[in-house]
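Undergrad: Just structure_6.txt, nothing more (compact mmCIF, C-alpha atoms):
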```
# COMPACT_ATOMS: atom_id res chain seq x y z
CA ASN Y 1 106.17 99.92 36.38
CA SER Y 2 104.41 100.36 33.04
CA ALA Y 3 107.27 98.86 30.99
CA GLN Y 4 107.21 95.69 33.10
CA ALA Y 5 103.42 95.47 32.81
CA VAL Y 6 103.57 95.70 29.02
CA ALA Y 7 106.37 93.11 28.81
CA LEU Y 8 104.37 90.77 31.07
CA ALA Y 9 101.25 91.06 28.92
CA ARG Y 10 103.31 90.34 25.79
CA ALA Y 11 105.06 87.39 27.42
CA ILE Y 12 101.74 85.84 28.48
CA GLU Y 13 100.24 86.33 25.01
CA SER Y 14 103.33 84.89 23.32
CA ALA Y 15 103.10 81.72 25.43
CA ARG Y 16 99.66 80.90 24.02
CA PRO Y 17 99.33 78.24 21.29
CA ALA Y 18 100.31 79.59 17.88
CA SER Y 19 96.77 79.06 16.62
CA THR Y 20 95.22 81.51 19.10
CA ARG Y 21 97.88 84.11 19.91
CA LEU Y 22 97.98 87.55 18.31
CA PHE Y 23 101.76 87.70 17.99
CA SER Y 24 104.97 86.08 19.16
CA ASP Y 25 107.48 88.12 21.14
CA PRO Y 26 110.13 85.64 22.31
CA PHE Y 27 112.11 88.44 23.97
CA ALA Y 28 109.39 89.82 26.24
CA ALA Y 29 109.98 87.39 29.12
CA GLY Y 30 113.67 88.27 29.11
CA PHE Y 31 112.86 91.81 30.27
CA LEU Y 32 110.83 90.71 33.28
CA ASP Y 33 112.01 91.02 36.86
CA SER Y 34 111.73 87.92 39.06
CA GLY Y 35 108.14 88.53 40.25
CA PRO Y 36 106.55 89.16 36.84
CA ARG Y 37 108.65 86.35 35.35
CA ALA Y 38 107.18 83.90 37.86
CA ILE Y 39 103.67 85.10 36.98
CA ALA Y 40 104.35 84.57 33.28
CA ARG Y 41 105.50 81.01 33.93
CA LEU Y 42 102.47 80.18 36.08
CA CYS Y 43 100.14 81.59 33.42
CA ARG Y 44 101.25 78.79 31.08
CA ILE Y 45 99.24 76.40 33.27
CA ALA Y 46 95.73 76.80 31.81
CA VAL Y 47 93.41 76.79 34.83
CA LEU Y 48 95.96 78.33 37.19
CA GLY Y 49 96.80 81.01 34.65
CA ASP Y 50 93.15 82.04 34.33
CA ALA Y 51 92.90 82.33 38.12
CA ILE Y 52 96.08 84.40 38.36
CA LEU Y 53 94.97 86.82 35.64
CA TRP Y 54 91.53 87.30 37.16
CA LEU Y 55 92.78 89.71 39.83
CA PRO Y 56 94.75 92.17 37.64
CA ASP Y 57 91.99 92.05 35.02
CA LEU Y 58 89.54 93.00 37.77
CA ALA Y 59 91.78 95.74 39.15
CA THR Y 60 92.39 97.42 35.77
CA PRO Y 61 89.64 96.18 33.43
CA GLY Y 62 90.71 95.98 29.81
CA ALA Y 63 94.36 96.86 30.35
CA ARG Y 64 95.71 93.50 29.22
CA GLY Y 65 93.34 93.27 26.27
CA ASN Y 66 94.33 96.74 25.13
CA THR Y 67 98.04 96.05 25.53
CA VAL Y 68 98.10 92.92 23.38
CA GLY Y 69 95.51 94.35 20.98
CA ARG Y 70 97.51 97.48 20.32
CA THR Y 71 100.70 95.40 19.92
CA ARG Y 72 99.08 93.47 17.08
CA PHE Y 73 97.55 96.66 15.62
CA ILE Y 74 100.98 98.33 15.49
CA ASP Y 75 102.61 95.21 14.04
CA ASP Y 76 100.02 95.13 11.25
CA ALA Y 77 100.38 98.84 10.48
CA LEU Y 78 104.18 98.58 10.39
CA LEU Y 79 104.25 95.52 8.15
CA SER Y 80 101.75 97.12 5.78
CA SER Y 81 103.95 100.21 5.55
CA ILE Y 82 107.01 98.07 4.83
CA ASP Y 83 105.13 96.39 1.99
CA ARG Y 84 104.49 99.82 0.43
CA GLY Y 85 108.13 100.87 0.71
CA LEU Y 86 109.85 102.32 3.75
CA ASP Y 87 113.19 104.00 4.43
CA GLN Y 88 113.32 104.46 8.20
CA VAL Y 89 111.51 103.39 11.36
CA VAL Y 90 111.65 105.49 14.52
CA ILE Y 91 110.46 103.95 17.79
CA LEU Y 92 109.72 106.78 20.20
CA GLY Y 93 109.88 105.85 23.87
CA ALA Y 94 110.96 102.38 22.78
CA GLY Y 95 110.90 100.81 26.24
CA TYR Y 96 111.09 97.04 25.82
CA ASP Y 97 109.76 97.10 22.26
CA CYS Y 98 111.52 94.27 20.40
CA ARG Y 99 110.05 94.66 16.94
CA PRO Y 100 113.50 95.27 15.37
CA TYR Y 101 114.62 91.89 16.72
CA ARG Y 102 111.49 89.77 16.29
CA LEU Y 103 110.22 91.00 12.89
CA PRO Y 104 112.51 89.80 10.08
CA GLU Y 105 110.82 92.25 7.68
CA LEU Y 106 112.71 95.05 9.44
CA SER Y 107 116.15 93.60 8.72
CA GLY Y 108 116.72 95.88 5.72
CA VAL Y 109 115.28 99.07 7.24
CA ALA Y 110 117.14 101.68 9.29
CA VAL Y 111 115.68 101.66 12.80
CA PHE Y 112 116.13 104.33 15.47
CA GLU Y 113 115.23 103.44 19.05
CA VAL Y 114 114.56 106.65 20.97
CA ASP Y 115 114.07 106.60 24.73
CA HIS Y 116 114.96 108.11 28.09
CA PRO Y 117 118.68 107.48 28.75
CA ALA Y 118 118.08 105.47 31.94
CA THR Y 119 115.40 103.27 30.37
CA GLN Y 120 117.51 102.72 27.29
CA ALA Y 121 120.51 101.69 29.38
CA ARG Y 122 118.41 99.06 31.17
CA LYS Y 123 117.11 97.72 27.88
CA ARG Y 124 120.56 97.46 26.33
CA ALA Y 125 121.86 95.60 29.37
CA ARG Y 126 119.04 93.04 29.01
CA LEU Y 127 119.46 92.82 25.24
CA GLU Y 128 123.09 91.78 25.62
CA LYS Y 129 121.80 88.58 27.24
CA LEU Y 130 119.08 87.96 24.65
CA VAL Y 131 120.80 88.59 21.30
CA SER Y 132 124.30 87.71 20.14
CA GLN Y 133 124.84 91.25 18.86
CA ILE Y 134 122.83 94.35 18.07
CA PRO Y 135 122.11 94.44 14.32
CA GLY Y 136 123.96 97.20 12.50
CA HIS Y 137 120.79 98.80 11.13
CA ILE Y 138 119.63 99.77 14.65
CA THR Y 139 120.69 103.08 16.23
CA PHE Y 140 119.99 103.99 19.88
CA VAL Y 141 119.10 107.63 20.57
CA PRO Y 142 118.85 108.74 24.24
CA ILE Y 143 116.29 111.55 24.71
CA ASP Y 144 114.08 112.79 27.54
CA PHE Y 145 111.09 114.13 25.57
CA ASN Y 146 110.18 116.64 28.28
CA ASP Y 147 113.67 118.16 28.30
CA ARG Y 148 114.85 117.90 24.72
CA SER Y 149 113.04 118.09 21.40
CA LEU Y 150 113.03 115.14 19.03
CA ALA Y 151 114.44 117.37 16.28
CA ASP Y 152 117.43 118.25 18.44
CA GLY Y 153 117.95 114.70 19.65
CA MET Y 154 117.89 113.15 16.16
CA ASN Y 155 120.49 115.55 14.83
CA GLY Y 156 123.73 113.72 14.07
CA THR Y 157 122.28 110.22 14.50
CA GLY Y 158 122.20 109.33 10.81
CA PHE Y 159 118.47 109.97 10.52
CA ARG Y 160 117.76 111.34 7.05
CA LEU Y 161 115.18 114.09 6.66
CA GLY Y 162 112.54 113.92 3.97
CA ARG Y 163 112.46 110.14 3.65
CA ARG Y 164 109.49 107.80 3.86
CA ASN Y 165 109.31 107.09 7.58
CA PHE Y 166 107.21 105.13 10.03
CA PHE Y 167 107.05 106.32 13.64
CA ILE Y 168 105.90 104.14 16.55
CA TRP Y 169 104.91 106.07 19.69
CA GLU Y 170 103.48 103.49 22.07
CA GLY Y 171 102.61 104.09 25.71
CA VAL Y 172 104.27 107.51 25.89
CA THR Y 173 102.03 110.52 25.16
CA GLU Y 174 100.04 110.24 28.40
CA TYR Y 175 103.18 111.00 30.42
CA LEU Y 176 104.28 114.09 28.47
CA SER Y 177 103.47 117.79 28.37
CA SER Y 178 101.31 119.15 25.56
CA GLU Y 179 104.36 121.09 24.34
CA ALA Y 180 106.41 117.89 24.05
CA VAL Y 181 103.61 116.15 22.16
CA ASP Y 182 103.21 119.06 19.73
CA SER Y 183 106.96 119.28 19.17
CA THR Y 184 107.15 115.58 18.34
CA PHE Y 185 104.24 115.72 15.89
CA ARG Y 186 105.91 118.70 14.19
CA PHE Y 187 109.11 116.73 13.70
CA VAL Y 188 107.19 113.79 12.24
CA VAL Y 189 105.54 116.05 9.68
CA ASP Y 190 108.46 118.36 8.91
CA GLY Y 191 111.08 115.59 8.79
CA SER Y 192 109.21 113.07 6.64
CA ALA Y 193 108.10 112.61 3.07
CA PRO Y 194 104.36 112.82 2.34
CA GLY Y 195 102.75 109.46 2.93
CA SER Y 196 104.93 108.70 5.94
CA ALA Y 197 103.00 107.45 8.94
CA ILE Y 198 102.86 107.49 12.71
CA VAL Y 199 101.04 105.06 14.97
CA PHE Y 200 100.61 106.28 18.51
CA THR Y 201 98.69 105.49 21.66
CA TYR Y 202 96.83 108.08 23.67
CA THR Y 203 94.46 108.35 26.61
CA ASP Y 204 90.99 109.84 26.37
CA GLU Y 205 91.37 113.23 28.06
CA GLY Y 206 87.94 112.75 29.64
CA LEU Y 207 89.47 110.18 31.98
CA ILE Y 208 92.31 112.49 33.00
CA HIS Y 209 90.06 115.53 33.52
CA GLY Y 210 87.34 113.53 35.25
CA THR Y 211 84.65 114.47 32.72
CA LYS Y 212 84.05 110.85 31.64
CA GLU Y 213 83.61 107.66 33.63
CA PHE Y 214 85.24 104.40 32.58
CA ALA Y 215 85.22 101.07 34.40
CA GLY Y 216 88.39 100.93 36.48
CA GLY Y 217 89.59 104.24 35.09
CA ARG Y 218 89.95 106.10 38.36
CA ARG Y 219 91.68 103.11 39.92
CA LEU Y 220 94.21 103.10 37.09
CA LEU Y 221 94.95 106.80 37.56
CA ALA Y 222 95.45 106.26 41.28
CA LEU Y 223 97.80 103.33 40.71
CA ASN Y 224 99.82 105.36 38.23
CA ARG Y 225 100.17 108.22 40.69
CA LEU Y 226 101.29 105.83 43.42
CA GLY Y 227 103.82 104.34 41.04
CA GLY Y 228 105.22 107.76 40.17
CA GLU Y 229 103.88 107.68 36.60
CA PRO Y 230 100.88 110.05 36.60
CA TYR Y 231 99.01 110.75 33.38
CA THR Y 232 99.55 114.33 32.23
CA PHE Y 233 98.22 114.46 28.65
CA GLY Y 234 95.21 113.22 26.74
CA LEU Y 235 93.22 113.77 23.56
CA ASP Y 236 89.51 113.77 22.78
CA PRO Y 237 88.66 110.94 20.35
CA ALA Y 238 85.80 113.01 18.95
CA LEU Y 239 88.21 115.80 18.01
CA LEU Y 240 91.20 113.67 17.05
CA ARG Y 241 90.75 113.95 13.28
CA ALA Y 242 90.59 117.75 13.46
CA ASP Y 243 93.48 117.95 15.96
CA LEU Y 244 95.71 115.89 13.69
CA ALA Y 245 94.68 117.82 10.59
CA GLU Y 246 95.89 121.02 12.27
CA ARG Y 247 99.25 119.31 12.70
CA GLY Y 248 99.46 118.21 9.06
CA LEU Y 249 98.39 114.64 9.67
CA GLU Y 250 95.49 112.63 8.24
CA LEU Y 251 93.78 110.20 10.63
CA LEU Y 252 93.46 106.73 9.11
CA GLU Y 253 92.30 104.63 12.07
CA ASP Y 254 91.45 105.04 15.74
CA CYS Y 255 90.96 101.83 17.72
CA ALA Y 256 90.32 100.68 21.29
CA GLY Y 257 88.88 97.74 23.22
CA GLU Y 258 85.81 96.84 21.19
CA GLY Y 259 87.76 97.26 17.97
CA TYR Y 260 90.41 94.78 19.14
CA GLN Y 261 87.72 92.30 20.10
CA GLU Y 262 86.04 92.41 16.70
CA ARG Y 263 89.24 92.52 14.65
CA TYR Y 264 91.52 90.13 16.52
CA PHE Y 265 90.02 88.13 19.38
CA LYS Y 266 86.63 87.17 17.96
CA PRO Y 267 88.04 85.52 14.78
CA LEU Y 268 90.21 83.35 17.06
CA GLY Y 269 87.25 82.34 19.20
CA ARG Y 270 88.57 84.37 22.14
CA VAL Y 271 86.96 86.92 24.41
CA LEU Y 272 89.40 89.36 25.99
CA SER Y 273 87.82 92.63 26.95
CA GLY Y 274 89.58 95.93 26.46
CA ASN Y 275 88.75 99.45 27.54
CA GLU Y 276 87.80 102.49 25.51
CA TYR Y 277 89.98 105.13 27.15
CA GLU Y 278 93.38 103.72 26.13
CA ARG Y 279 93.44 104.06 22.36
CA VAL Y 280 95.76 103.63 19.38
CA ALA Y 281 95.66 105.78 16.25
CA LEU Y 282 97.28 105.54 12.84
CA ALA Y 283 97.88 108.77 10.94
CA ARG Y 284 99.64 109.73 7.72
CA VAL Y 285 101.64 112.81 6.77
CA ARG Y 286 99.29 114.53 4.37
CA THR Y 287 99.97 115.18 0.72
CA GLU Y 288 98.59 118.26 -1.00
CA SER Y 289 95.60 116.29 -2.26
CA ALA Y 290 95.39 114.06 0.86
CA GLU Y 291 94.85 111.13 -1.49
CA CYS Y 292 95.89 107.57 -0.71
CA PRO Y 293 99.22 106.60 -2.28
```
Any chance you could put this one into structure tokens?
TA:
Amino acid sequence: NSAQAVALARAIESARPASTRLFSDPFAAGFLDSGPRAIARLCRIAVLGDAILWLPDLATPGARGNTVGRTRFIDDALLSSIDRGLDQVVILGAGYDCRPYRLPELSGVAVFEVDHPATQARKRARLEKLVSQIPGHITFVPIDFNDRSLADGMNGTGFRLGRRNFFIWEGVTEYLSSEAVDSTFRFVVDGSAPGSAIVFTYTDEGLIHGTKEFAGGRRLLALNRLGGEPYTFGLDPALLRADLAERGLELLEDCAGEGYQERYFKPLGRVLSGNEYERVALARVRTESAECP
């Protein structure tokens, strides 16, 4: 499934030499089932690893590059926000995200992991084998976004309204209804202090509606349908700034494959192609003047 695919990409990237990897996620391999775990181990053998990765990279061009590129992008945005002062972090659809455990900068920040109850139960079972104990500043919040609003689900969890928050919404919006997406954006804006931020991934709606062609795009949609995870929501990158402004958010960055290559891979002497239909955006809750803090 998608959570396993993301964990596999992170595990492979983390096994690279420190001088050329984008990040280190020592927990990622611990969430892999036996098959993906074997692939991750084989990928540590240089020539063999390249041969193994050739097939999935051919089947879904750019998927791996986008996954590790967006991971680094989100890490950078989060750490920058912590440097400016942060009260709470909310990870929406947390999946196997291990930032609260691998980033020491988060140790003094209240973190809320929000996810589907079944997915969250699987993660917690794996975590018990990877960490000695769950840090006290982390709260787990079980929510199905399509059945229950974020505002309702966060009630009574200790989340404090009106604080300076940072929301991470990675690999989720494409599986939701437009109503669920709108409801979540409303909570981010209404429940946060001006200057709070959200980083989220989204799919170009042109791929979903068939109005744009992307290399491997149709194959990805077909694979997702076969796996029971069809894409149901997308946004138009050309209209993103205006769409977010209507929701009270100011677009700061919008990045995809070529952006990752220029920002991250090229300086390390690497070439790892991404695609342009799976994107990550950083937005800020607007102030009256919409000026930078």
Undergrad: Between Y:Arg84, Y:Arg284, Y:Arg126, Y:Arg72, which is the closest to Arg241 (chain Y) once you count only C-alpha atoms?
TA: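 Checking each of Y:Arg84, Y:Arg284, Y:Arg126, Y:Arg72 against Arg241 (chain Y), counting only C-alpha atoms, the winner is Y:Arg284.
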Undergrad: So which residues touch Ser2 (chain Y) within 10 Å, counting all atoms listed in the file, skipping near sequence neighbours fewer than 6 positions away, as a PyMOL selection string?
TA: chain Y and resi 8+95+171+224+227+229
Undergrad: Which of these residues is nearest to Leu207 (chain Y), using all atoms listed in the file: Y:Gly228, Y:Gly85, Y:Gly259, Y:Pro237?
TA: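 Closest to Leu207 (chain Y) of all the choices is Y:Pro237.
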Undergrad: For a quick check of understanding, using only C-alpha atoms, which of Y:Gly93, Y:Pro17, Y:Pro26, Y:Gly257 has the smallest distance to Phe200 (chain Y)?
TA: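 Closest candidate: Y:Gly93.
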Undergrad: Ranking Y:Ala121, Y:Arg186, Y:Arg270, Y:Ala9 by minimum distance to Arg64 (chain Y) and counting all atoms listed in the file, which one comes first?
TA: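 Of the candidates, the smallest distance to Arg64 (chain Y) is held by Y:Ala9.
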Undergrad: Using all atoms listed in the file, collect all residues at a distance of at most 8 Å from (92.6, 103.2, 8.9) as written in the file, then present them as a list in words.
TA: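 The answer, in the requested form, is Leu251, Leu252, Glu253, Asp254, Leu282 and Ala283 of chain Y.
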Undergrad: Find the spatial neighbours of Ala15 (chain Y), counting only C-alpha atoms, within a cut-off of 10 Å - ignore same-chain residues fewer than 2 positions away - and output them as a list in words.
TA: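 So, after excluding close chain neighbours, the residues are Arg10, Ala11, Ile12, Glu13, Pro17, Ala18, Arg21, Phe23, Ser24, Asp25, Pro26, Ala29, Ala40, Arg41, Cys43 and Arg44 of chain Y.
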Undergrad: Quick one: distance from CA of Gln88 (chain Y) to CA of Val181 (chain Y) in Å, one decimal?
TA: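 Distance reported for this atom pair: 20.6 Å.
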Undergrad: Would you mind listing what lies within 9 Å of Leu150 (chain Y) as a ChimeraX atom specification, with all atoms listed in the file counted and same-chain residues fewer than 6 positions away left out?
TA: /Y:114,143-144,180,183-184,187
Undergrad: Using all atoms listed in the file, find the one residue out of Y:Pro104, Y:Cys255, Y:Leu79, Y:Leu92 that sits nearest to Ser149 (chain Y).
TA: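 Among the listed residues, the smallest separation from Ser149 (chain Y) belongs to Y:Leu92.
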Undergrad: Could you list, as a ChimeraX atom specification, every residue within 10 Å of Gly162 (chain Y), counting only C-alpha atoms and ignoring same-chain residues fewer than 5 positions away?
TA: /Y:87,188-194,196
Undergrad: Pick out the closest residue to Glu278 (chain Y) from this set: Y:Lys266, Y:Phe112, Y:Gly234, Y:Met154. Count all atoms listed in the file.
TA: Y:Gly234
Undergrad: Rounded to one decimal, what separation in Å do you get between CA of Ile45 (chain Y) and CA of Thr20 (chain Y)?
TA: 15.6 Å
Undergrad: Suppose you want the space between CA of His137 (chain Y) and CA of Gly158 (chain Y); what is it in Å?
TA: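 Calculated distance between CA of His137 (chain Y) and CA of Gly158 (chain Y) is 10.6 Å.
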Undergrad: Is there a way to complete region 199-210 of chain Y with all heavy atoms and then write that out as a PDB file, in the frame of the given file?
TA:
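And here is the file that came out, result27.pdb:
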```
ATOM      1  N   VAL Y 199     102.037 105.753  14.168  1.00  0.00           N
ATOM      2  CA  VAL Y 199     101.040 105.060  14.970  1.00  0.00           C
ATOM      3  C   VAL Y 199     101.361 105.388  16.421  1.00  0.00           C
ATOM      4  O   VAL Y 199     102.509 105.294  16.850  1.00  0.00           O
ATOM      5  CB  VAL Y 199     101.053 103.537  14.695  1.00  0.00           C
ATOM      6  CG1 VAL Y 199     102.375 102.899  15.041  1.00  0.00           C
ATOM      7  CG2 VAL Y 199      99.904 102.853  15.424  1.00  0.00           C
ATOM      8  N   PHE Y 200     100.355 105.831  17.149  1.00  0.00           N
ATOM      9  CA  PHE Y 200     100.610 106.280  18.510  1.00  0.00           C
ATOM     10  C   PHE Y 200      99.435 105.919  19.421  1.00  0.00           C
ATOM     11  O   PHE Y 200      98.283 105.820  18.978  1.00  0.00           O
ATOM     12  CB  PHE Y 200     100.843 107.798  18.565  1.00  0.00           C
ATOM     13  CG  PHE Y 200      99.662 108.639  18.145  1.00  0.00           C
ATOM     14  CD1 PHE Y 200      98.801 109.177  19.093  1.00  0.00           C
ATOM     15  CD2 PHE Y 200      99.418 108.898  16.800  1.00  0.00           C
ATOM     16  CE1 PHE Y 200      97.708 109.952  18.702  1.00  0.00           C
ATOM     17  CE2 PHE Y 200      98.331 109.669  16.406  1.00  0.00           C
ATOM     18  CZ  PHE Y 200      97.471 110.200  17.358  1.00  0.00           C
ATOM     19  N   THR Y 201      99.738 105.719  20.682  1.00  0.00           N
ATOM     20  CA  THR Y 201      98.690 105.490  21.660  1.00  0.00           C
ATOM     21  C   THR Y 201      98.411 106.792  22.405  1.00  0.00           C
ATOM     22  O   THR Y 201      99.286 107.650  22.530  1.00  0.00           O
ATOM     23  CB  THR Y 201      99.090 104.400  22.668  1.00  0.00           C
ATOM     24  OG1 THR Y 201     100.274 104.806  23.362  1.00  0.00           O
ATOM     25  CG2 THR Y 201      99.349 103.082  21.962  1.00  0.00           C
ATOM     26  N   TYR Y 202      97.192 106.897  22.892  1.00  0.00           N
ATOM     27  CA  TYR Y 202      96.830 108.080  23.670  1.00  0.00           C
ATOM     28  C   TYR Y 202      95.702 107.713  24.630  1.00  0.00           C
ATOM     29  O   TYR Y 202      95.014 106.691  24.450  1.00  0.00           O
ATOM     30  CB  TYR Y 202      96.421 109.245  22.772  1.00  0.00           C
ATOM     31  CG  TYR Y 202      95.069 109.089  22.085  1.00  0.00           C
ATOM     32  CD1 TYR Y 202      93.930 109.678  22.627  1.00  0.00           C
ATOM     33  CD2 TYR Y 202      94.929 108.366  20.908  1.00  0.00           C
ATOM     34  CE1 TYR Y 202      92.684 109.546  22.005  1.00  0.00           C
ATOM     35  CE2 TYR Y 202      93.712 108.224  20.277  1.00  0.00           C
ATOM     36  CZ  TYR Y 202      92.591 108.820  20.830  1.00  0.00           C
ATOM     37  OH  TYR Y 202      91.367 108.681  20.210  1.00  0.00           O
ATOM     38  N   THR Y 203      95.524 108.542  25.629  1.00  0.00           N
ATOM     39  CA  THR Y 203      94.460 108.350  26.610  1.00  0.00           C
ATOM     40  C   THR Y 203      93.365 109.365  26.366  1.00  0.00           C
ATOM     41  O   THR Y 203      93.638 110.531  26.071  1.00  0.00           O
ATOM     42  CB  THR Y 203      95.016 108.506  28.037  1.00  0.00           C
ATOM     43  OG1 THR Y 203      96.007 107.497  28.265  1.00  0.00           O
ATOM     44  CG2 THR Y 203      93.919 108.363  29.080  1.00  0.00           C
ATOM     45  N   ASP Y 204      92.122 108.926  26.478  1.00  0.00           N
ATOM     46  CA  ASP Y 204      90.990 109.840  26.370  1.00  0.00           C
ATOM     47  C   ASP Y 204      91.108 110.891  27.468  1.00  0.00           C
ATOM     48  O   ASP Y 204      91.170 110.566  28.659  1.00  0.00           O
ATOM     49  CB  ASP Y 204      89.687 109.044  26.535  1.00  0.00           C
ATOM     50  CG  ASP Y 204      88.447 109.868  26.213  1.00  0.00           C
ATOM     51  OD1 ASP Y 204      88.409 111.068  26.578  1.00  0.00           O
ATOM     52  OD2 ASP Y 204      87.497 109.304  25.627  1.00  0.00           O
ATOM     53  N   GLU Y 205      91.170 112.161  27.079  1.00  0.00           N
ATOM     54  CA  GLU Y 205      91.370 113.230  28.060  1.00  0.00           C
ATOM     55  C   GLU Y 205      90.226 113.314  29.060  1.00  0.00           C
ATOM     56  O   GLU Y 205      90.387 113.859  30.151  1.00  0.00           O
ATOM     57  CB  GLU Y 205      91.548 114.569  27.354  1.00  0.00           C
ATOM     58  CG  GLU Y 205      90.331 115.071  26.612  1.00  0.00           C
ATOM     59  CD  GLU Y 205      90.560 116.438  25.981  1.00  0.00           C
ATOM     60  OE1 GLU Y 205      91.738 116.830  25.850  1.00  0.00           O
ATOM     61  OE2 GLU Y 205      89.566 117.097  25.624  1.00  0.00           O
ATOM     62  N   GLY Y 206      89.064 112.761  28.710  1.00  0.00           N
ATOM     63  CA  GLY Y 206      87.940 112.750  29.640  1.00  0.00           C
ATOM     64  C   GLY Y 206      88.248 111.980  30.904  1.00  0.00           C
ATOM     65  O   GLY Y 206      87.754 112.322  31.996  1.00  0.00           O
ATOM     66  N   LEU Y 207      89.053 110.930  30.797  1.00  0.00           N
ATOM     67  CA  LEU Y 207      89.470 110.180  31.980  1.00  0.00           C
ATOM     68  C   LEU Y 207      90.366 111.030  32.860  1.00  0.00           C
ATOM     69  O   LEU Y 207      90.174 111.115  34.083  1.00  0.00           O
ATOM     70  CB  LEU Y 207      90.207 108.905  31.563  1.00  0.00           C
ATOM     71  CG  LEU Y 207      90.865 108.121  32.696  1.00  0.00           C
ATOM     72  CD1 LEU Y 207      89.808 107.528  33.618  1.00  0.00           C
ATOM     73  CD2 LEU Y 207      91.770 107.021  32.151  1.00  0.00           C
ATOM     74  N   ILE Y 208      91.337 111.701  32.253  1.00  0.00           N
ATOM     75  CA  ILE Y 208      92.310 112.490  33.000  1.00  0.00           C
ATOM     76  C   ILE Y 208      91.656 113.679  33.682  1.00  0.00           C
ATOM     77  O   ILE Y 208      91.954 114.011  34.840  1.00  0.00           O
ATOM     78  CB  ILE Y 208      93.449 112.950  32.072  1.00  0.00           C
ATOM     79  CG1 ILE Y 208      94.182 111.730  31.495  1.00  0.00           C
ATOM     80  CG2 ILE Y 208      94.423 113.873  32.805  1.00  0.00           C
ATOM     81  CD1 ILE Y 208      95.199 112.056  30.421  1.00  0.00           C
ATOM     82  N   HIS Y 209      90.721 114.339  32.980  1.00  0.00           N
ATOM     83  CA  HIS Y 209      90.060 115.530  33.520  1.00  0.00           C
ATOM     84  C   HIS Y 209      88.855 115.200  34.382  1.00  0.00           C
ATOM     85  O   HIS Y 209      88.266 116.101  34.998  1.00  0.00           O
ATOM     86  CB  HIS Y 209      89.633 116.447  32.375  1.00  0.00           C
ATOM     87  CG  HIS Y 209      90.771 116.937  31.524  1.00  0.00           C
ATOM     88  ND1 HIS Y 209      92.000 117.245  32.049  1.00  0.00           N
ATOM     89  CD2 HIS Y 209      90.858 117.164  30.184  1.00  0.00           C
ATOM     90  CE1 HIS Y 209      92.804 117.652  31.074  1.00  0.00           C
ATOM     91  NE2 HIS Y 209      92.144 117.597  29.937  1.00  0.00           N
ATOM     92  N   GLY Y 210      88.471 113.931  34.429  1.00  0.00           N
ATOM     93  CA  GLY Y 210      87.340 113.530  35.250  1.00  0.00           C
ATOM     94  C   GLY Y 210      85.983 113.871  34.662  1.00  0.00           C
ATOM     95  O   GLY Y 210      84.978 113.880  35.382  1.00  0.00           O
TER      96      GLY Y 210
END
```
